[in-house]
>>> print(open('coords-v1.cif').read())   # mmCIF, C-alpha atoms
data_my_file
loop_
_atom_site.label_atom_id
_atom_site.label_comp_id
_atom_site.auth_asym_id
_atom_site.auth_seq_id
_atom_site.Cartn_x
_atom_site.Cartn_y
_atom_site.Cartn_z
CA MET A 1 77.65 124.93 94.40
CA LYS A 2 80.14 124.97 91.55
CA LEU A 3 79.13 125.95 88.07
CA LEU A 4 79.99 122.52 86.70
CA THR A 5 77.31 121.13 89.02
CA HIS A 6 74.92 123.95 88.10
CA ASN A 7 75.40 123.07 84.44
CA LEU A 8 73.98 119.61 85.15
CA LEU A 9 71.05 120.53 87.39
CA THR A 10 67.50 120.85 86.11
CA SER A 11 64.15 121.53 87.70
CA HIS A 12 61.82 118.55 87.77
CA VAL A 13 58.73 120.21 89.14
CA LYS A 14 55.66 118.35 87.85
CA GLY A 15 54.54 119.55 84.44
CA VAL A 16 57.66 121.53 83.69
CA VAL A 17 59.00 120.82 80.23
CA LYS A 18 62.02 123.06 80.14
CA GLY A 19 63.45 123.34 83.63
CA TYR A 20 66.89 124.26 82.34
CA PRO A 21 69.01 126.21 82.82
CA LEU A 22 68.23 127.22 86.35
CA LEU A 23 68.68 130.94 86.86
CA ILE A 24 71.07 131.86 89.64
CA LYS A 25 70.43 134.58 92.20
CA ALA A 26 73.49 134.69 94.43
CA THR A 27 73.97 136.69 97.60
CA GLU A 28 77.36 135.18 98.42
CA VAL A 29 79.94 133.89 95.97
CA LYS A 30 83.45 132.63 96.70
CA VAL A 31 86.38 131.88 94.43
CA ASN A 32 88.62 129.09 95.73
CA GLU A 33 91.79 127.57 94.44
CA VAL A 34 91.33 124.14 92.90
CA ASP A 35 94.12 122.08 91.31
CA PHE A 36 94.13 122.55 87.55
CA ASN A 37 93.76 119.37 85.49
CA PRO A 38 93.71 120.37 81.81
CA GLN A 39 92.66 116.92 80.56
CA PHE A 40 89.69 116.86 82.90
CA VAL A 41 88.56 120.33 81.83
CA SER A 42 89.04 119.45 78.19
CA ARG A 43 86.95 116.28 78.58
CA MET A 44 84.18 118.10 80.40
CA ILE A 45 83.70 120.77 77.75
CA PRO A 46 81.75 118.58 75.27
CA LYS A 47 79.41 117.52 78.11
CA LEU A 48 78.53 121.10 78.96
CA GLU A 49 75.77 123.34 77.76
CA TRP A 50 78.23 126.10 76.90
CA SER A 51 75.73 128.95 76.68
CA ALA A 52 74.28 127.99 80.06
CA LEU A 53 77.77 128.14 81.56
CA VAL A 54 78.46 131.58 80.11
CA GLN A 55 75.05 132.80 81.29
CA ALA A 56 75.66 131.47 84.80
CA ALA A 57 79.12 133.07 84.99
CA GLU A 58 77.58 136.30 83.77
CA GLU A 59 74.84 136.13 86.43
CA LEU A 60 77.54 135.88 89.08
CA GLY A 61 79.66 138.67 87.64
CA GLN A 62 82.44 136.12 87.12
CA ARG A 63 82.41 135.80 83.38
CA GLN A 64 85.54 137.87 82.74
CA ASP A 65 86.53 137.21 79.14
CA LEU A 66 84.93 133.81 78.69
CA PRO A 67 83.83 133.71 75.05
CA ALA A 68 80.19 133.30 74.03
CA GLU A 69 81.20 130.48 71.69
CA LEU A 70 83.67 127.68 72.19
CA VAL A 71 87.04 128.37 70.60
CA PRO A 72 88.12 125.75 68.05
CA GLU A 73 90.87 123.31 69.10
CA TYR A 74 90.53 124.22 72.76
CA GLU A 75 92.14 120.90 73.80
CA ASN A 76 95.62 122.33 73.55
CA ASN A 77 94.80 125.90 74.44
CA GLU A 78 95.99 126.04 78.05
CA GLU A 79 95.06 129.66 78.52
CA PHE A 80 91.49 128.97 77.47
CA LEU A 81 91.30 125.81 79.57
CA LYS A 82 92.46 127.75 82.62
CA LYS A 83 89.62 130.24 82.14
CA VAL A 84 87.14 127.38 81.86
CA HIS A 85 88.66 125.66 84.92
CA ARG A 86 88.19 128.80 86.97
CA VAL A 87 84.57 129.21 86.05
CA LEU A 88 83.66 125.51 86.29
CA LEU A 89 85.42 124.56 89.49
CA GLU A 90 86.75 127.58 91.37
CA VAL A 91 83.72 129.87 91.43
CA GLU A 92 81.22 128.74 94.06
CA VAL A 93 77.80 130.00 95.05
CA ILE A 94 77.57 129.87 98.83
CA GLU A 95 74.22 131.57 99.44
CA GLY A 96 71.40 132.35 97.08
CA CYS A 97 68.87 130.42 95.07
CA LEU A 98 68.19 128.70 91.77
CA ARG A 99 65.07 129.61 89.86
CA CYS A 100 63.22 127.26 87.50
CA PRO A 101 62.92 129.18 84.23
CA GLU A 102 59.47 127.78 83.53
CA SER A 103 57.64 127.51 86.86
CA GLY A 104 59.52 130.21 88.75
CA ARG A 105 59.97 127.84 91.66
CA GLU A 106 62.99 128.73 93.73
CA PHE A 107 65.47 126.22 95.11
CA PRO A 108 67.53 127.69 97.95
CA ILE A 109 71.30 127.41 98.12
CA SER A 110 72.62 127.46 101.63
CA ARG A 111 76.24 126.93 102.75
CA GLY A 112 77.11 125.98 99.22
CA ILE A 113 74.46 123.25 98.96
CA PRO A 114 71.50 123.63 96.59
CA ASN A 115 68.30 122.09 97.95
CA MET A 116 66.40 120.50 95.08
CA LEU A 117 63.81 118.78 97.27
CA LEU A 118 60.25 119.15 96.05
CA SER A 119 57.11 119.07 98.14
CA GLU A 120 54.61 116.23 97.55
CA ASP A 121 52.35 118.20 95.25
CA GLU A 122 55.21 119.27 93.04
CA VAL A 123 56.44 115.81 92.17
CA MET B 1 87.10 99.83 97.60
CA LEU B 2 88.19 103.19 96.19
CA TYR B 3 91.80 102.06 95.75
CA THR B 4 90.60 99.07 93.73
CA ILE B 5 88.37 101.26 91.62
CA GLN B 6 91.26 103.55 90.83
CA ASN B 7 94.19 101.12 90.63
CA THR B 8 92.45 98.27 88.83
CA PHE B 9 89.92 100.13 86.75
CA ASP B 10 91.25 103.71 86.58
CA ASP B 11 87.75 105.09 87.14
CA ILE B 12 88.40 107.87 89.61
CA LYS B 13 91.45 110.00 88.79
CA GLY B 14 90.54 112.90 86.53
CA LYS B 15 86.96 111.67 86.23
CA LEU B 16 83.57 113.20 86.92
CA VAL B 17 82.19 111.07 89.73
CA ALA B 18 78.76 110.98 91.36
CA ASP B 19 78.17 109.61 94.87
CA LEU B 20 74.49 108.72 95.26
CA GLY B 21 73.26 108.74 98.85
CA CYS B 22 76.59 110.24 99.90
CA GLY B 23 75.65 110.73 103.56
CA CYS B 24 78.62 112.22 105.39
CA GLY B 25 80.74 112.04 102.28
CA VAL B 26 83.11 109.21 103.14
CA LEU B 27 83.22 107.86 99.57
CA SER B 28 83.23 111.31 97.96
CA ILE B 29 86.07 112.60 100.06
CA GLY B 30 87.99 109.41 99.37
CA ALA B 31 87.43 109.83 95.64
CA ALA B 32 88.52 113.47 95.87
CA MET B 33 91.71 112.42 97.64
CA LEU B 34 92.36 109.98 94.82
CA ASP B 35 92.25 112.96 92.45
CA ALA B 36 88.78 112.71 90.98
CA GLY B 37 88.29 115.69 88.66
CA LEU B 38 85.14 116.46 90.63
CA CYS B 39 82.99 114.28 92.87
CA ILE B 40 79.38 115.40 93.33
CA GLY B 41 77.57 113.95 96.34
CA PHE B 42 73.78 113.62 96.34
CA ASP B 43 71.75 113.04 99.49
CA ILE B 44 68.33 113.86 100.91
CA ASP B 45 69.41 114.43 104.50
CA ASP B 46 70.25 117.90 105.92
CA ASP B 47 72.32 116.66 108.84
CA ALA B 48 74.44 114.25 106.81
CA LEU B 49 75.19 116.90 104.20
CA ASP B 50 76.15 119.33 106.93
CA ILE B 51 78.66 116.83 108.30
CA PHE B 52 79.93 116.18 104.76
CA ARG B 53 80.47 119.87 104.24
CA ARG B 54 82.38 120.20 107.49
CA ASN B 55 84.49 117.12 106.71
CA ALA B 56 85.41 118.56 103.34
CA GLU B 57 86.48 121.80 104.98
CA GLU B 58 88.47 120.01 107.64
CA PHE B 59 90.36 117.90 105.10
CA ASP B 60 90.73 120.89 102.81
CA ILE B 61 89.02 119.11 99.91
CA SER B 62 88.15 121.39 97.05
CA ASN B 63 87.12 118.92 94.33
CA VAL B 64 83.76 117.92 95.79
CA ASP B 65 80.32 119.46 95.47
CA LEU B 66 77.08 118.63 97.24
CA VAL B 67 73.45 118.55 96.12
CA GLN B 68 70.42 117.94 98.31
CA CYS B 69 67.75 116.00 96.47
CA ASP B 70 65.53 112.91 96.53
CA LEU B 71 67.09 110.33 94.23
CA CYS B 72 63.81 108.45 94.02
CA SER B 73 62.04 111.37 92.42
CA LEU B 74 65.01 112.48 90.37
CA ASP B 75 64.35 112.62 86.67
CA ALA B 76 67.28 110.36 85.82
CA GLU B 77 66.86 111.11 82.13
CA ALA B 78 68.16 114.61 82.67
CA TYR B 79 71.46 113.17 83.86
CA VAL B 80 71.91 110.34 81.38
CA LYS B 81 75.57 109.42 80.92
CA LYS B 82 76.70 112.73 82.38
CA PHE B 83 79.08 111.12 84.86
CA ASP B 84 82.08 108.92 84.09
CA THR B 85 81.67 106.89 87.26
CA VAL B 86 79.09 106.47 90.00
CA ILE B 87 80.17 105.24 93.41
CA MET B 88 77.71 104.55 96.18
CA ASN B 89 76.72 102.92 99.40
CA PRO B 90 72.94 103.04 98.95
CA PRO B 91 70.26 102.37 101.56
CA PHE B 92 70.22 98.60 101.73
CA GLY B 93 66.62 98.07 100.64
CA THR B 94 65.78 95.65 103.40
CA LYS B 95 63.69 96.26 106.49
CA HIS B 96 61.77 99.53 106.00
CA ASN B 97 63.34 100.54 102.73
CA GLN B 98 62.09 97.85 100.39
CA GLY B 99 63.45 98.24 96.88
CA MET B 100 65.37 101.41 97.63
CA ASP B 101 68.71 99.87 96.65
CA MET B 102 67.34 98.91 93.24
CA LYS B 103 65.99 102.42 92.64
CA PHE B 104 69.41 103.80 93.39
CA LEU B 105 71.06 101.24 91.11
CA TRP B 106 68.71 102.10 88.29
CA ALA B 107 69.42 105.83 88.65
CA ALA B 108 73.15 105.16 88.90
CA LEU B 109 73.21 103.02 85.76
CA SER B 110 71.56 105.72 83.72
CA MET B 111 73.80 108.48 85.07
CA ALA B 112 77.12 106.69 84.57
CA LYS B 113 78.92 106.52 81.27
CA THR B 114 81.51 103.92 82.23
CA ALA B 115 80.84 102.15 85.50
CA VAL B 116 78.84 101.98 88.72
CA TYR B 117 80.46 100.78 91.94
CA SER B 118 77.98 99.97 94.63
CA LEU B 119 77.86 98.27 98.03
CA HIS B 120 75.08 95.76 98.69
CA LYS B 121 74.15 93.10 101.17
CA THR B 122 75.22 89.59 100.16
CA SER B 123 71.65 88.38 100.69
CA THR B 124 70.52 90.55 97.78
CA ARG B 125 73.26 89.47 95.37
CA GLU B 126 71.21 86.97 93.39
CA HIS B 127 68.34 89.42 93.00
CA ILE B 128 70.72 92.10 91.76
CA GLN B 129 72.37 89.70 89.32
CA LYS B 130 68.97 88.86 87.90
CA LYS B 131 68.06 92.53 87.52
CA ALA B 132 71.42 93.23 85.91
CA ASN B 133 70.68 90.54 83.34
CA ASP B 134 67.22 91.99 82.71
CA TRP B 135 68.70 95.43 82.24
CA GLY B 136 71.45 94.17 79.94
CA VAL B 137 74.14 95.26 82.35
CA LYS B 138 77.35 93.40 83.14
CA MET B 139 77.82 92.81 86.86
CA GLU B 140 80.99 91.79 88.66
CA VAL B 141 81.61 91.25 92.37
CA ILE B 142 84.95 92.88 93.07
CA ALA B 143 85.12 92.48 96.82
CA GLU B 144 83.36 90.92 99.73
CA LEU B 145 83.38 92.67 103.04
CA ARG B 146 82.38 91.48 106.41
CA TYR B 147 80.93 93.87 108.91
CA ASP B 148 80.03 92.83 112.40
CA LEU B 149 77.22 95.17 113.28
CA PRO B 150 75.80 94.33 116.67
CA ALA B 151 72.14 95.27 116.98
CA VAL B 152 72.21 98.66 118.61
CA LEU B 153 68.52 99.37 118.94
CA GLN B 154 66.91 97.81 121.92
CA VAL B 155 63.23 97.19 121.30
CA PRO B 156 61.59 98.15 124.57
CA GLN B 157 59.99 95.23 126.34
CA LYS B 158 56.34 95.51 127.10
CA GLU B 159 55.65 96.60 130.64
CA ILE B 160 53.80 94.07 132.72
CA GLY B 161 51.42 95.18 135.43
#
>>> encode(input="coords-v1.cif", output="structure tokens")
Amino acid sequence: MKLLTHNLLTSHVKGVVKGYPLLIKATEVKVNEVDFNPQFVSRMIPKLEWSALVQAAEELGQRQDLPAELVPEYENNEEFLKKVHRVLLEVEVIEGCLRCPESGREFPISRGIPNMLLSEDEV
Amino acid sequence: MLYTIQNTFDDIKGKLVADLGCGCGVLSIGAAMLDAGLCIGFDIDDDALDIFRRNAEEFDISNVDLVQCDLCSLDAEAYVKKFDTVIMNPPFGTKHNQGMDMKFLWAALSMAKTAVYSLHKTSTREHIQKKANDWGVKMEVIAELRYDLPAVLQVPQKEIG
């Protein structure tokens, strides 16, 4: 599970109002090489919940020097975009789980795939 | 299908793509090979996702991600307009899956910012066109495909005697 994906996922357990962001508990993390596309990264940034991304990177010990706030005029800042690219697309959680911040319900991540399936009484 | 989406509509390269009901990842991997920024595949089935994962490894595809979930109980509002493009080959919604294709279409339309590309049976085309009109969505048929799928399930004959 990449952190770009994590940034989109929410918990939809019945009755939960704020199932975002999901807290990450990782037992295995990998960093892969992914082709860098600065325009793509730049376009994704406004769609992101920036603080959730920083928090997730922090939880994985992969934050490095990612700033707590977005830098102004990041569109042309290649160095910054590379840092974002790494965290969004290259860091991957292979084993672990995601925890709903409100209900505490845990969604397992196994072989890189988060399982968001709910049981009948949770829907 | 994917070449048309990219070459005619420019909706894959450098885009955030979702593949709903991705199964073994055929469409996702194709989109990744056409340089999607990231293609996220969603499916409910363990085995299919496992095959998808192995396919991605085998073809050395790094710009895909996989999520296991039930698209019918997904809170589509949480994902509104998050994706540039949605591509999919949904369950056909005939036989035992009544209405499933329309549920997928509805989810896809709310998740996509620009366009949804979806495969459907010709017999459902009119119904889908009508729904598209109801939903205020523009629909265009970009290709017709013909599959010869011989019936592979033999219904056992009742034993006599």
>>> residues_around(input="coords-v1.cif", residues="range 15-20 of chain B", least_positions_apart="4", cutoff="9 Å", atoms="all atoms listed in the file", output="count of residues only")
32
>>> interface_residues(input="coords-v1.cif", of="chain A", to="chain B", cutoff="6 Å", atoms="all atoms listed in the file", output="PyMOL selection string")
chain A and resi 34+40+113-117
>>> atom_distance(input="coords-v1.cif", atom1="CA of Asn37 in chain A", atom2="CA of Lys25 in chain A")
28.6 Å
>>> closest_residue(input="coords-v1.cif", among="B:Val26, B:Leu145, B:Val116, B:Met102", to="Lys130 in chain B", atoms="only C-alpha atoms")
B:Met102
>>> atom_distance(input="coords-v1.cif", atom1="CA of Ala56 in chain A", atom2="CA of Glu79 in chain A")
20.5 Å
>>> closest_residue(input="coords-v1.cif", among="A:Arg111, A:Arg86, A:His6, A:Arg63", to="Leu23 in chain A", atoms="all atoms listed in the file")
A:His6
>>> closest_residue(input="coords-v1.cif", among="B:Ile29, B:Ser123, B:Ala115, B:Glu77", to="His12 in chain A", atoms="only C-alpha atoms")
B:Glu77
>>> resolve_selection(input="coords-v1.cif", expression="the PyMOL selection byres ((chain A and resi 16) around 12)", output="list of chain:residue names")
A:Thr10, A:Ser11, A:His12, A:Val13, A:Lys14, A:Gly15, A:Val17, A:Lys18, A:Gly19, A:Tyr20, A:Cys100, A:Pro101, A:Glu102, A:Ser103, A:Gly104, A:Arg105, A:Glu122, A:Val123, B:Asp75
>>> closest_residue(input="coords-v1.cif", among="A:Asp65, A:Glu95, A:Glu78, A:Glu49", to="Lys30 in chain A", atoms="only C-alpha atoms")
A:Glu95
>>> decode(input="coords-v1.cif", residues="range 105-129 of chain B", atoms="N, CA and C atoms", output="short mmCIF file (atom, residue, chain, number, x, y, z; two decimals), in the first residue's frame")
data_model
loop_
_atom_site.label_atom_id
_atom_site.label_comp_id
_atom_site.auth_asym_id
_atom_site.auth_seq_id
_atom_site.Cartn_x
_atom_site.Cartn_y
_atom_site.Cartn_z
N LEU B 105 -21.12 1.55 -11.90
CA LEU B 105 -21.12 2.77 -12.72
C LEU B 105 -21.36 3.99 -11.86
N TRP B 106 -22.29 3.86 -10.95
CA TRP B 106 -22.63 4.97 -10.07
C TRP B 106 -21.42 5.35 -9.21
N ALA B 107 -20.76 4.36 -8.64
CA ALA B 107 -19.56 4.63 -7.83
C ALA B 107 -18.48 5.27 -8.69
N ALA B 108 -18.29 4.71 -9.89
CA ALA B 108 -17.25 5.21 -10.79
C ALA B 108 -17.50 6.67 -11.15
N LEU B 109 -18.74 7.00 -11.45
CA LEU B 109 -19.06 8.37 -11.87
C LEU B 109 -18.81 9.37 -10.74
N SER B 110 -19.00 8.94 -9.51
CA SER B 110 -18.73 9.90 -8.44
C SER B 110 -17.24 10.00 -8.14
N MET B 111 -16.49 8.93 -8.40
CA MET B 111 -15.06 8.95 -8.08
C MET B 111 -14.22 9.65 -9.15
N ALA B 112 -14.72 9.69 -10.36
CA ALA B 112 -13.91 10.22 -11.47
C ALA B 112 -14.15 11.70 -11.68
N LYS B 113 -13.04 12.40 -11.93
CA LYS B 113 -13.15 13.84 -12.19
C LYS B 113 -13.45 14.08 -13.67
N THR B 114 -12.77 13.30 -14.53
CA THR B 114 -12.86 13.56 -15.96
C THR B 114 -13.72 12.55 -16.72
N ALA B 115 -13.40 11.29 -16.60
CA ALA B 115 -14.11 10.31 -17.41
C ALA B 115 -14.11 8.92 -16.79
N VAL B 116 -15.15 8.14 -17.19
CA VAL B 116 -15.25 6.74 -16.80
C VAL B 116 -15.28 5.92 -18.07
N TYR B 117 -14.44 4.91 -18.16
CA TYR B 117 -14.45 4.00 -19.30
C TYR B 117 -14.84 2.63 -18.78
N SER B 118 -15.91 2.10 -19.33
CA SER B 118 -16.45 0.87 -18.76
C SER B 118 -16.94 -0.09 -19.85
N LEU B 119 -16.77 -1.38 -19.58
CA LEU B 119 -17.22 -2.41 -20.54
C LEU B 119 -18.57 -2.95 -20.11
N HIS B 120 -19.50 -3.02 -21.03
CA HIS B 120 -20.84 -3.54 -20.71
C HIS B 120 -21.38 -4.40 -21.83
N LYS B 121 -22.34 -5.24 -21.48
CA LYS B 121 -22.98 -6.06 -22.51
C LYS B 121 -23.88 -5.18 -23.38
N THR B 122 -23.86 -5.45 -24.68
CA THR B 122 -24.68 -4.70 -25.63
C THR B 122 -26.16 -4.71 -25.24
N SER B 123 -26.62 -5.82 -24.68
CA SER B 123 -28.03 -5.93 -24.31
C SER B 123 -28.43 -4.93 -23.23
N THR B 124 -27.45 -4.37 -22.52
CA THR B 124 -27.79 -3.42 -21.46
C THR B 124 -27.59 -1.97 -21.91
N ARG B 125 -27.19 -1.78 -23.17
CA ARG B 125 -26.82 -0.44 -23.62
C ARG B 125 -27.94 0.59 -23.46
N GLU B 126 -29.15 0.20 -23.87
CA GLU B 126 -30.26 1.15 -23.80
C GLU B 126 -30.54 1.56 -22.36
N HIS B 127 -30.51 0.57 -21.48
CA HIS B 127 -30.77 0.82 -20.06
C HIS B 127 -29.73 1.79 -19.50
N ILE B 128 -28.47 1.57 -19.88
CA ILE B 128 -27.40 2.43 -19.39
C ILE B 128 -27.55 3.84 -19.95
N GLN B 129 -27.93 3.95 -21.21
CA GLN B 129 -28.13 5.26 -21.82
C GLN B 129 -29.20 6.03 -21.07
#
